[in-house]
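> Structure file work.cif, mmCIF, C-alpha atoms, is pasted below:
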```cif
data_final
#
loop_
_atom_site.label_atom_id
_atom_site.label_comp_id
_atom_site.auth_asym_id
_atom_site.auth_seq_id
_atom_site.Cartn_x
_atom_site.Cartn_y
_atom_site.Cartn_z
CA MET A 1 -25.23 -4.61 -30.45
CA GLU A 2 -21.93 -2.99 -29.41
CA LYS A 3 -21.94 -1.20 -26.07
CA GLU A 4 -21.46 2.58 -25.90
CA LEU A 5 -17.85 3.26 -24.87
CA ILE A 6 -16.73 6.54 -23.30
CA LEU A 7 -13.21 7.65 -22.43
CA ALA A 8 -13.41 9.86 -19.33
CA SER A 9 -10.56 12.12 -20.39
CA SER A 10 -9.63 15.17 -22.43
CA SER A 11 -6.04 13.93 -22.82
CA ARG A 12 -4.89 13.73 -26.44
CA TYR A 13 -2.28 11.15 -25.39
CA ARG A 14 -4.98 8.81 -24.08
CA ARG A 15 -7.11 9.36 -27.19
CA GLU A 16 -4.17 8.54 -29.47
CA LEU A 17 -3.51 5.35 -27.49
CA LEU A 18 -7.16 4.24 -27.46
CA ASP A 19 -7.32 4.84 -31.22
CA ARG A 20 -4.78 2.02 -31.59
CA LEU A 21 -7.39 -0.51 -30.47
CA GLY A 22 -9.76 0.54 -33.26
CA VAL A 23 -12.85 0.63 -31.04
CA GLN A 24 -15.65 3.17 -31.45
CA TYR A 25 -15.76 5.58 -28.52
CA THR A 26 -16.48 9.15 -27.46
CA CYS A 27 -14.59 11.38 -25.01
CA GLU A 28 -15.91 13.41 -22.15
CA SER A 29 -13.90 15.34 -19.57
CA PRO A 30 -14.82 14.32 -16.00
CA ASN A 31 -13.94 17.70 -14.43
CA ILE A 32 -13.15 16.36 -10.96
CA ASP A 33 -10.89 17.65 -8.19
CA GLU A 34 -7.61 15.81 -8.80
CA SER A 35 -5.96 16.85 -5.54
CA ALA A 36 -4.27 14.13 -3.53
CA LEU A 37 -5.70 13.35 -0.10
CA GLU A 38 -3.56 13.73 2.99
CA GLY A 39 -1.69 10.53 3.77
CA GLU A 40 -2.34 8.97 0.37
CA THR A 41 0.51 7.23 -1.42
CA PRO A 42 1.06 8.21 -5.07
CA ALA A 43 -0.38 4.84 -6.18
CA GLU A 44 -3.46 5.27 -3.97
CA THR A 45 -4.05 8.72 -5.47
CA ALA A 46 -3.87 7.36 -9.03
CA LEU A 47 -6.22 4.43 -8.28
CA ARG A 48 -8.79 6.64 -6.53
CA LEU A 49 -8.77 9.30 -9.24
CA SER A 50 -9.08 6.80 -12.10
CA GLU A 51 -12.29 5.46 -10.57
CA MET A 52 -13.59 8.94 -9.69
CA LYS A 53 -13.11 10.03 -13.31
CA ALA A 54 -14.90 7.00 -14.70
CA ARG A 55 -17.73 7.23 -12.15
CA ALA A 56 -18.29 10.96 -12.84
CA ILE A 57 -19.02 10.13 -16.49
CA TRP A 58 -20.89 6.85 -15.86
CA VAL A 59 -23.50 8.58 -13.66
CA LYS A 60 -24.27 10.85 -16.64
CA HIS A 61 -24.37 7.91 -19.08
CA PRO A 62 -25.68 4.88 -17.17
CA GLY A 63 -25.53 1.76 -19.31
CA ALA A 64 -22.33 2.85 -21.06
CA VAL A 65 -18.88 1.35 -20.53
CA VAL A 66 -16.56 4.05 -19.21
CA ILE A 67 -12.75 4.17 -19.07
CA GLY A 68 -10.98 6.30 -16.46
CA SER A 69 -7.22 6.62 -16.02
CA ASP A 70 -4.81 8.61 -13.90
CA GLN A 71 -1.05 8.73 -13.52
CA VAL A 72 1.15 9.83 -10.65
CA ALA A 73 4.94 9.85 -10.52
CA ASP A 74 6.66 8.88 -7.27
CA LEU A 75 10.13 10.25 -6.54
CA LYS A 76 11.21 8.76 -3.19
CA GLY A 77 7.69 9.19 -1.82
CA GLU A 78 7.16 12.66 -3.34
CA LYS A 79 4.23 12.91 -5.75
CA LEU A 80 5.07 14.54 -9.07
CA GLY A 81 2.07 15.70 -11.05
CA LYS A 82 1.79 17.82 -14.19
CA PRO A 83 4.19 20.78 -13.96
CA HIS A 84 1.95 23.21 -15.95
CA THR A 85 4.78 25.79 -16.31
CA ARG A 86 8.31 25.90 -17.75
CA GLU A 87 9.80 26.74 -14.35
CA ASN A 88 8.05 23.83 -12.61
CA ALA A 89 9.01 21.39 -15.40
CA ILE A 90 12.70 22.30 -15.05
CA LYS A 91 12.54 22.00 -11.24
CA GLN A 92 10.85 18.59 -11.45
CA LEU A 93 13.35 17.20 -13.92
CA MET A 94 16.32 18.51 -11.96
CA ARG A 95 14.98 16.76 -8.82
CA MET A 96 14.48 13.57 -10.85
CA GLN A 97 17.93 13.55 -12.52
CA GLY A 98 20.09 10.60 -11.47
CA ASN A 99 17.20 9.05 -9.55
CA GLU A 100 14.68 6.26 -9.95
CA VAL A 101 11.09 7.40 -10.49
CA VAL A 102 8.08 5.08 -10.31
CA PHE A 103 5.06 6.01 -12.44
CA THR A 104 1.76 4.42 -11.43
CA THR A 105 -0.84 4.48 -14.18
CA ALA A 106 -4.20 3.48 -12.77
CA LEU A 107 -7.00 2.23 -14.97
CA CYS A 108 -10.71 1.86 -14.20
CA VAL A 109 -13.38 0.40 -16.47
CA ILE A 110 -17.00 0.62 -15.33
CA ASN A 111 -19.24 -1.84 -17.14
CA SER A 112 -22.78 -1.19 -18.36
CA GLU A 113 -24.21 -2.41 -15.02
CA GLY A 114 -22.08 0.08 -13.08
CA LYS A 115 -19.49 -2.37 -11.70
CA ALA A 116 -15.96 -0.95 -11.59
CA GLU A 117 -12.78 -2.91 -12.20
CA VAL A 118 -9.60 -1.04 -11.20
CA VAL A 119 -5.99 -2.06 -11.89
CA GLU A 120 -2.60 -0.40 -11.90
CA SER A 121 0.44 -0.54 -14.13
CA LYS A 122 3.86 0.48 -12.85
CA THR A 123 6.79 1.84 -14.82
CA THR A 124 10.19 2.44 -13.21
CA ILE A 125 12.48 4.95 -14.86
CA ARG A 126 16.11 5.55 -14.04
CA MET A 127 16.92 9.12 -15.07
CA ARG A 128 20.33 10.08 -16.45
CA GLU A 129 22.57 12.56 -14.65
CA LEU A 130 21.37 15.81 -16.22
CA THR A 131 22.62 19.36 -16.48
CA GLU A 132 20.26 22.30 -16.16
CA GLU A 133 21.25 23.28 -19.70
CA ALA A 134 20.08 19.92 -21.07
CA VAL A 135 16.85 20.02 -19.07
CA ALA A 136 16.02 23.58 -20.18
CA ALA A 137 16.72 22.69 -23.83
CA TYR A 138 14.44 19.65 -23.56
CA VAL A 139 11.65 21.62 -21.86
CA ASP A 140 11.83 24.43 -24.43
CA ARG A 141 11.67 21.95 -27.31
CA GLU A 142 8.97 19.58 -25.99
CA LYS A 143 6.94 21.82 -23.63
CA PRO A 144 5.94 18.81 -21.47
CA PHE A 145 3.72 20.84 -19.17
CA ASP A 146 0.78 18.42 -19.24
CA CYS A 147 2.77 15.25 -18.41
CA ALA A 148 3.31 13.88 -14.89
CA GLY A 149 7.00 14.29 -14.16
CA ALA A 150 7.49 16.32 -17.38
CA ALA A 151 9.20 13.41 -19.16
CA LYS A 152 7.51 12.36 -22.42
CA ILE A 153 8.91 8.95 -23.36
CA GLU A 154 7.26 9.00 -26.78
CA LYS A 155 9.37 11.96 -27.86
CA LEU A 156 12.69 13.53 -26.85
CA GLY A 157 12.09 12.73 -23.17
CA ILE A 158 13.44 9.25 -23.77
CA ALA A 159 16.90 10.81 -24.15
CA LEU A 160 16.72 11.88 -20.49
CA MET A 161 16.22 8.28 -19.36
CA ALA A 162 18.92 5.69 -18.71
CA SER A 163 16.50 2.74 -18.41
CA VAL A 164 12.78 1.92 -18.34
CA THR A 165 11.11 -1.15 -16.84
CA SER A 166 7.36 -1.62 -17.29
CA ASP A 167 4.67 -4.29 -17.50
CA ASP A 168 3.10 -2.43 -20.45
CA PRO A 169 4.96 -0.26 -23.00
CA THR A 170 1.98 2.10 -23.36
CA SER A 171 1.53 2.63 -19.63
CA LEU A 172 3.94 5.54 -19.28
CA ILE A 173 2.20 7.43 -22.09
CA GLY A 174 -1.00 7.31 -20.05
CA LEU A 175 -3.16 4.30 -20.93
CA PRO A 176 -1.93 0.71 -20.41
CA LEU A 177 -3.47 -0.93 -23.48
CA MET A 178 -2.74 -4.53 -22.55
CA LYS A 179 -4.58 -4.21 -19.23
CA LEU A 180 -7.27 -2.10 -20.91
CA THR A 181 -7.91 -4.83 -23.49
CA THR A 182 -8.50 -7.28 -20.64
CA LEU A 183 -10.87 -4.95 -18.78
CA LEU A 184 -12.81 -4.04 -21.94
CA THR A 185 -13.23 -7.75 -22.75
CA HIS A 186 -14.54 -8.33 -19.21
CA ALA A 187 -17.01 -5.46 -19.78
CA GLY A 188 -18.29 -7.00 -23.02
CA VAL A 189 -16.54 -4.62 -25.44
CA THR A 190 -15.11 -6.36 -28.51
CA VAL A 191 -11.52 -5.33 -29.26
CA ILE A 192 -10.84 -8.28 -31.61
CA PRO A 193 -13.62 -10.81 -32.29
CA GLY A 194 -12.88 -14.08 -30.54
CA LEU A 195 -10.20 -12.55 -28.27
CA LYS A 196 -10.16 -13.98 -24.74
CA ALA A 197 -9.30 -11.92 -21.67
#
```
Show the structure stored in the file as structure tokens.

Amino acid sequence: MEKELILASSSRYRRELLDRLGVQYTCESPNIDESALEGETPAETALRLSEMKARAIWVKHPGAVVIGSDQVADLKGEKLGKPHTRENAIKQLMRMQGNEVVFTTALCVINSEGKAEVVESKTTIRMRELTEEAVAAYVDREKPFDCAGAAKIEKLGIALMASVTSDDPTSLIGLPLMKLTTLLTHAGVTVIPGLKA
């Protein structure tokens, strides 16, 4: 019998990515405090929050397999989260222009026995030199208010980028599917029959 699988997220981007694997799952928002802790690096924040999200749902559904994920952008040590407003999105992108930004996407899968496996996937973006006019036009067209760093690679945001280096092409969108396939296989969830982790 296939294990119950729950995505601990309300993100449509993560749902769209998980749909690619063709597994049966449900979604539930973890509703946790996503504030960074003092002294935490951006990567540490993402790793901690991914597990907190998964654990918050697993305690409500013990015996299920739960996926949690979180993403934080790091601009020279400064954490960039979701901008939420037009003004903040423009400010973020203007600070990022011409710079290298490292996005850490953390992934946690808790198996049916309650054991967590947590990994990270890093994506390094080199942003183009940008004018405020270009940034404002992009923000008004895409409204990237719910994306860390306000740069949506799957749409027009890719035009703002000069280069992208990643260990997983789906990582920057919010759910590293190659690493997720490995963790789901470890947890006993069948992605493709006969597939080895």
> Convert the output of the PyMOL selection byres ((chain A and resi 115) around 12) on the shown file into explicit residues, formatted as a list in words.
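Selected by the PyMOL selection byres ((chain A and resi 115) around 12) here: Glu51, Ala54, Arg55, Trp58, Val59, Pro62, Gly63, Ala64, Val65, Val66, Ile67, Cys108, Val109, Ile110, Asn111, Ser112, Glu113, Gly114, Ala116, Glu117, Val118, Leu183, His186 and Ala187 of chain A.
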> Just so the selection is clear, what residues does the PyMOL selection byres ((chain A and resi 167) around 8) cover here, as a list in words?
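In the shown coordinates, the PyMOL selection byres ((chain A and resi 167) around 8) covers Ser121, Lys122, Thr123, Thr165, Ser166, Asp168, Pro169 and Ser171 of chain A.
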> Interatomic distance between CA of Ala162 (chain A) and CA of Asn88 (chain A)?
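Separation between CA of Ala162 (chain A) and CA of Asn88 (chain A): 22.0 Å.
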> Kindly indicate which residue among A:Ile57, A:Ala134, A:Ala36, A:Leu175 lies nearest to Leu156 (chain A), using all atoms listed in the file for the distances.
A:Ala134
> Just how far from CA of Leu80 (chain A) is CA of Val135 (chain A), in Å to one decimal?
16.4 Å
> For Gln71 (chain A), which residue out of A:Ser50, A:Thr124, A:Ser9, A:Thr170 is the nearest one, using all atoms listed in the file?
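Ranking A:Ser50, A:Thr124, A:Ser9, A:Thr170 by distance to Gln71 (chain A), first place goes to A:Ser50.
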> With the PyMOL selection byres ((chain A and resi 154) around 12) as the selection, what would be picked from this file? Answer as a ChimeraX atom specification, please.
/A:13,16-17,142,144,147,150-153,155-161,169-174
> Just the selected residues (C-alpha atoms), exported as a short mmCIF file (atom, residue, chain, number, x, y, z; two decimals), keeping the file's coordinate frame, please.

```cif
data_model
loop_
_atom_site.label_atom_id
_atom_site.label_comp_id
_atom_site.auth_asym_id
_atom_site.auth_seq_id
_atom_site.Cartn_x
_atom_site.Cartn_y
_atom_site.Cartn_z
CA TYR A 13 -2.28 11.15 -25.39
CA GLU A 16 -4.17 8.54 -29.47
CA LEU A 17 -3.51 5.35 -27.49
CA GLU A 142 8.97 19.58 -25.99
CA PRO A 144 5.94 18.81 -21.47
CA CYS A 147 2.77 15.25 -18.41
CA ALA A 150 7.49 16.32 -17.38
CA ALA A 151 9.20 13.41 -19.16
CA LYS A 152 7.51 12.36 -22.42
CA ILE A 153 8.91 8.95 -23.36
CA LYS A 155 9.37 11.96 -27.86
CA LEU A 156 12.69 13.53 -26.85
CA GLY A 157 12.09 12.73 -23.17
CA ILE A 158 13.44 9.25 -23.77
CA ALA A 159 16.90 10.81 -24.15
CA LEU A 160 16.72 11.88 -20.49
CA MET A 161 16.22 8.28 -19.36
CA PRO A 169 4.96 -0.26 -23.00
CA THR A 170 1.98 2.10 -23.36
CA SER A 171 1.53 2.63 -19.63
CA LEU A 172 3.94 5.54 -19.28
CA ILE A 173 2.20 7.43 -22.09
CA GLY A 174 -1.00 7.31 -20.05
#
```
> Kindly give the distance, in Å, that separates CA of Arg48 (chain A) and CA of Ala73 (chain A), rounded to a single decimal.
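Atom-to-atom, CA of Arg48 (chain A) and CA of Ala73 (chain A) are spaced 14.7 Å apart.
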> Nearest to Lys143 (chain A): which of A:Arg12, A:Arg20, A:Arg86, A:His61 is it, counting all atoms listed in the file?
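Ranked by minimum distance to Lys143 (chain A), first place goes to A:Arg86.
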> Quick one: 3 Å padding each side, axis-aligned, all listed atoms of region 31-36 of chain A - centre and edge lengths in Å to one decimal, as JSON?

```
{"center_x": -9.1, "center_y": 15.9, "center_z": -9.0, "size_x": 15.7, "size_y": 9.6, "size_z": 16.9}
```
> Restricting the calculation to only C-alpha atoms, which member of A:Gly77, A:Gly68, A:Glu87, A:Glu120 is positioned closest to Glu100 (chain A)?
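Residue with the minimum atom-to-atom distance to Glu100 (chain A): A:Gly77.
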> From the set A:Ser163, A:Thr105, A:Gln97, A:Thr85, which residue has the shortest atom-to-atom contact distance to Glu132 (chain A), counting all atoms listed in the file?
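Checking each candidate against Glu132 (chain A), we get A:Gln97 as the closest.
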> Here is a test: counting all atoms listed in the file, which residue of A:Ala148, A:Val102, A:Met96, A:Val164 is nearest to Thr131 (chain A)?
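Using all atoms listed in the file, Thr131 (chain A) sits closest to A:Met96.
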> Near Val191 (chain A), counting only C-alpha atoms, which residues have an atom at most 10 Å away, once you skip same-chain residues fewer than 4 positions from it, shown as a list in words?
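Once the adjacent positions are removed, what remains is Leu21, Gly22, Val23, Gln24, Leu180, Thr181, Thr182, Leu184, Thr185, Leu195 and Lys196 of chain A.
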> Which residues are close to Gly149 (chain A), i.e. within 9 Å by all atoms listed in the file, leaving aside same-chain residues fewer than 6 positions away? Reply as number ranges by chain.
A: 72-74, 79-83, 89, 92-93, 96, 101, 103
> Missing atoms in region 102-113 of chain A: can you complete it with all heavy atoms, as a PDB file, in the coordinates of the input?

```pdb
ATOM      1  N   VAL A 102       9.093   6.095 -10.031  1.00  0.00           N
ATOM      2  CA  VAL A 102       8.080   5.080 -10.310  1.00  0.00           C
ATOM      3  C   VAL A 102       6.789   5.777 -10.730  1.00  0.00           C
ATOM      4  O   VAL A 102       6.247   6.593  -9.974  1.00  0.00           O
ATOM      5  CB  VAL A 102       7.830   4.173  -9.092  1.00  0.00           C
ATOM      6  CG1 VAL A 102       6.735   3.149  -9.405  1.00  0.00           C
ATOM      7  CG2 VAL A 102       9.110   3.470  -8.667  1.00  0.00           C
ATOM      8  N   PHE A 103       6.323   5.473 -11.932  1.00  0.00           N
ATOM      9  CA  PHE A 103       5.060   6.010 -12.440  1.00  0.00           C
ATOM     10  C   PHE A 103       3.979   4.957 -12.264  1.00  0.00           C
ATOM     11  O   PHE A 103       4.111   3.843 -12.776  1.00  0.00           O
ATOM     12  CB  PHE A 103       5.178   6.367 -13.924  1.00  0.00           C
ATOM     13  CG  PHE A 103       6.011   7.577 -14.213  1.00  0.00           C
ATOM     14  CD1 PHE A 103       7.400   7.506 -14.177  1.00  0.00           C
ATOM     15  CD2 PHE A 103       5.416   8.795 -14.509  1.00  0.00           C
ATOM     16  CE1 PHE A 103       8.183   8.615 -14.442  1.00  0.00           C
ATOM     17  CE2 PHE A 103       6.198   9.915 -14.779  1.00  0.00           C
ATOM     18  CZ  PHE A 103       7.577   9.829 -14.746  1.00  0.00           C
ATOM     19  N   THR A 104       2.923   5.302 -11.536  1.00  0.00           N
ATOM     20  CA  THR A 104       1.760   4.420 -11.430  1.00  0.00           C
ATOM     21  C   THR A 104       0.683   4.959 -12.356  1.00  0.00           C
ATOM     22  O   THR A 104       0.248   6.103 -12.206  1.00  0.00           O
ATOM     23  CB  THR A 104       1.209   4.367  -9.995  1.00  0.00           C
ATOM     24  OG1 THR A 104       2.217   3.831  -9.132  1.00  0.00           O
ATOM     25  CG2 THR A 104      -0.033   3.480  -9.920  1.00  0.00           C
ATOM     26  N   THR A 105       0.290   4.142 -13.321  1.00  0.00           N
ATOM     27  CA  THR A 105      -0.840   4.480 -14.180  1.00  0.00           C
ATOM     28  C   THR A 105      -1.995   3.592 -13.760  1.00  0.00           C
ATOM     29  O   THR A 105      -1.914   2.367 -13.865  1.00  0.00           O
ATOM     30  CB  THR A 105      -0.504   4.259 -15.665  1.00  0.00           C
ATOM     31  OG1 THR A 105       0.691   4.983 -15.980  1.00  0.00           O
ATOM     32  CG2 THR A 105      -1.638   4.741 -16.558  1.00  0.00           C
ATOM     33  N   ALA A 106      -3.029   4.224 -13.225  1.00  0.00           N
ATOM     34  CA  ALA A 106      -4.200   3.480 -12.770  1.00  0.00           C
ATOM     35  C   ALA A 106      -5.264   3.506 -13.855  1.00  0.00           C
ATOM     36  O   ALA A 106      -5.403   4.484 -14.593  1.00  0.00           O
ATOM     37  CB  ALA A 106      -4.750   4.103 -11.490  1.00  0.00           C
ATOM     38  N   LEU A 107      -6.003   2.413 -13.924  1.00  0.00           N
ATOM     39  CA  LEU A 107      -7.000   2.230 -14.970  1.00  0.00           C
ATOM     40  C   LEU A 107      -8.283   1.709 -14.347  1.00  0.00           C
ATOM     41  O   LEU A 107      -8.246   0.757 -13.561  1.00  0.00           O
ATOM     42  CB  LEU A 107      -6.465   1.233 -16.000  1.00  0.00           C
ATOM     43  CG  LEU A 107      -7.339   0.875 -17.196  1.00  0.00           C
ATOM     44  CD1 LEU A 107      -7.556   2.101 -18.084  1.00  0.00           C
ATOM     45  CD2 LEU A 107      -6.676  -0.247 -17.984  1.00  0.00           C
ATOM     46  N   CYS A 108      -9.401   2.317 -14.677  1.00  0.00           N
ATOM     47  CA  CYS A 108     -10.710   1.860 -14.200  1.00  0.00           C
ATOM     48  C   CYS A 108     -11.637   1.716 -15.406  1.00  0.00           C
ATOM     49  O   CYS A 108     -11.720   2.620 -16.240  1.00  0.00           O
ATOM     50  CB  CYS A 108     -11.303   2.854 -13.208  1.00  0.00           C
ATOM     51  SG  CYS A 108     -12.998   2.436 -12.699  1.00  0.00           S
ATOM     52  N   VAL A 109     -12.330   0.576 -15.483  1.00  0.00           N
ATOM     53  CA  VAL A 109     -13.380   0.400 -16.470  1.00  0.00           C
ATOM     54  C   VAL A 109     -14.662   0.068 -15.707  1.00  0.00           C
ATOM     55  O   VAL A 109     -14.694  -0.869 -14.902  1.00  0.00           O
ATOM     56  CB  VAL A 109     -13.056  -0.708 -17.491  1.00  0.00           C
ATOM     57  CG1 VAL A 109     -14.264  -1.013 -18.375  1.00  0.00           C
ATOM     58  CG2 VAL A 109     -11.862  -0.294 -18.360  1.00  0.00           C
ATOM     59  N   ILE A 110     -15.681   0.875 -15.931  1.00  0.00           N
ATOM     60  CA  ILE A 110     -17.000   0.620 -15.330  1.00  0.00           C
ATOM     61  C   ILE A 110     -17.874   0.011 -16.416  1.00  0.00           C
ATOM     62  O   ILE A 110     -18.024   0.587 -17.502  1.00  0.00           O
ATOM     63  CB  ILE A 110     -17.629   1.910 -14.776  1.00  0.00           C
ATOM     64  CG1 ILE A 110     -16.717   2.515 -13.696  1.00  0.00           C
ATOM     65  CG2 ILE A 110     -19.020   1.624 -14.214  1.00  0.00           C
ATOM     66  CD1 ILE A 110     -17.246   3.782 -13.067  1.00  0.00           C
ATOM     67  N   ASN A 111     -18.427  -1.163 -16.128  1.00  0.00           N
ATOM     68  CA  ASN A 111     -19.240  -1.840 -17.140  1.00  0.00           C
ATOM     69  C   ASN A 111     -20.649  -1.257 -17.207  1.00  0.00           C
ATOM     70  O   ASN A 111     -21.012  -0.356 -16.433  1.00  0.00           O
ATOM     71  CB  ASN A 111     -19.235  -3.362 -16.933  1.00  0.00           C
ATOM     72  CG  ASN A 111     -20.002  -3.813 -15.694  1.00  0.00           C
ATOM     73  OD1 ASN A 111     -20.777  -3.057 -15.103  1.00  0.00           O
ATOM     74  ND2 ASN A 111     -19.783  -5.050 -15.286  1.00  0.00           N
ATOM     75  N   SER A 112     -21.448  -1.771 -18.116  1.00  0.00           N
ATOM     76  CA  SER A 112     -22.780  -1.190 -18.360  1.00  0.00           C
ATOM     77  C   SER A 112     -23.714  -1.330 -17.158  1.00  0.00           C
ATOM     78  O   SER A 112     -24.688  -0.601 -17.038  1.00  0.00           O
ATOM     79  CB  SER A 112     -23.413  -1.831 -19.602  1.00  0.00           C
ATOM     80  OG  SER A 112     -23.458  -3.234 -19.457  1.00  0.00           O
ATOM     81  N   GLU A 113     -23.392  -2.263 -16.238  1.00  0.00           N
ATOM     82  CA  GLU A 113     -24.210  -2.410 -15.020  1.00  0.00           C
ATOM     83  C   GLU A 113     -23.717  -1.518 -13.886  1.00  0.00           C
ATOM     84  O   GLU A 113     -24.301  -1.502 -12.805  1.00  0.00           O
ATOM     85  CB  GLU A 113     -24.191  -3.873 -14.539  1.00  0.00           C
ATOM     86  CG  GLU A 113     -25.053  -4.828 -15.357  1.00  0.00           C
ATOM     87  CD  GLU A 113     -24.400  -5.196 -16.684  1.00  0.00           C
ATOM     88  OE1 GLU A 113     -23.206  -5.541 -16.694  1.00  0.00           O
ATOM     89  OE2 GLU A 113     -25.091  -5.096 -17.725  1.00  0.00           O
TER      90      GLU A 113
END
```
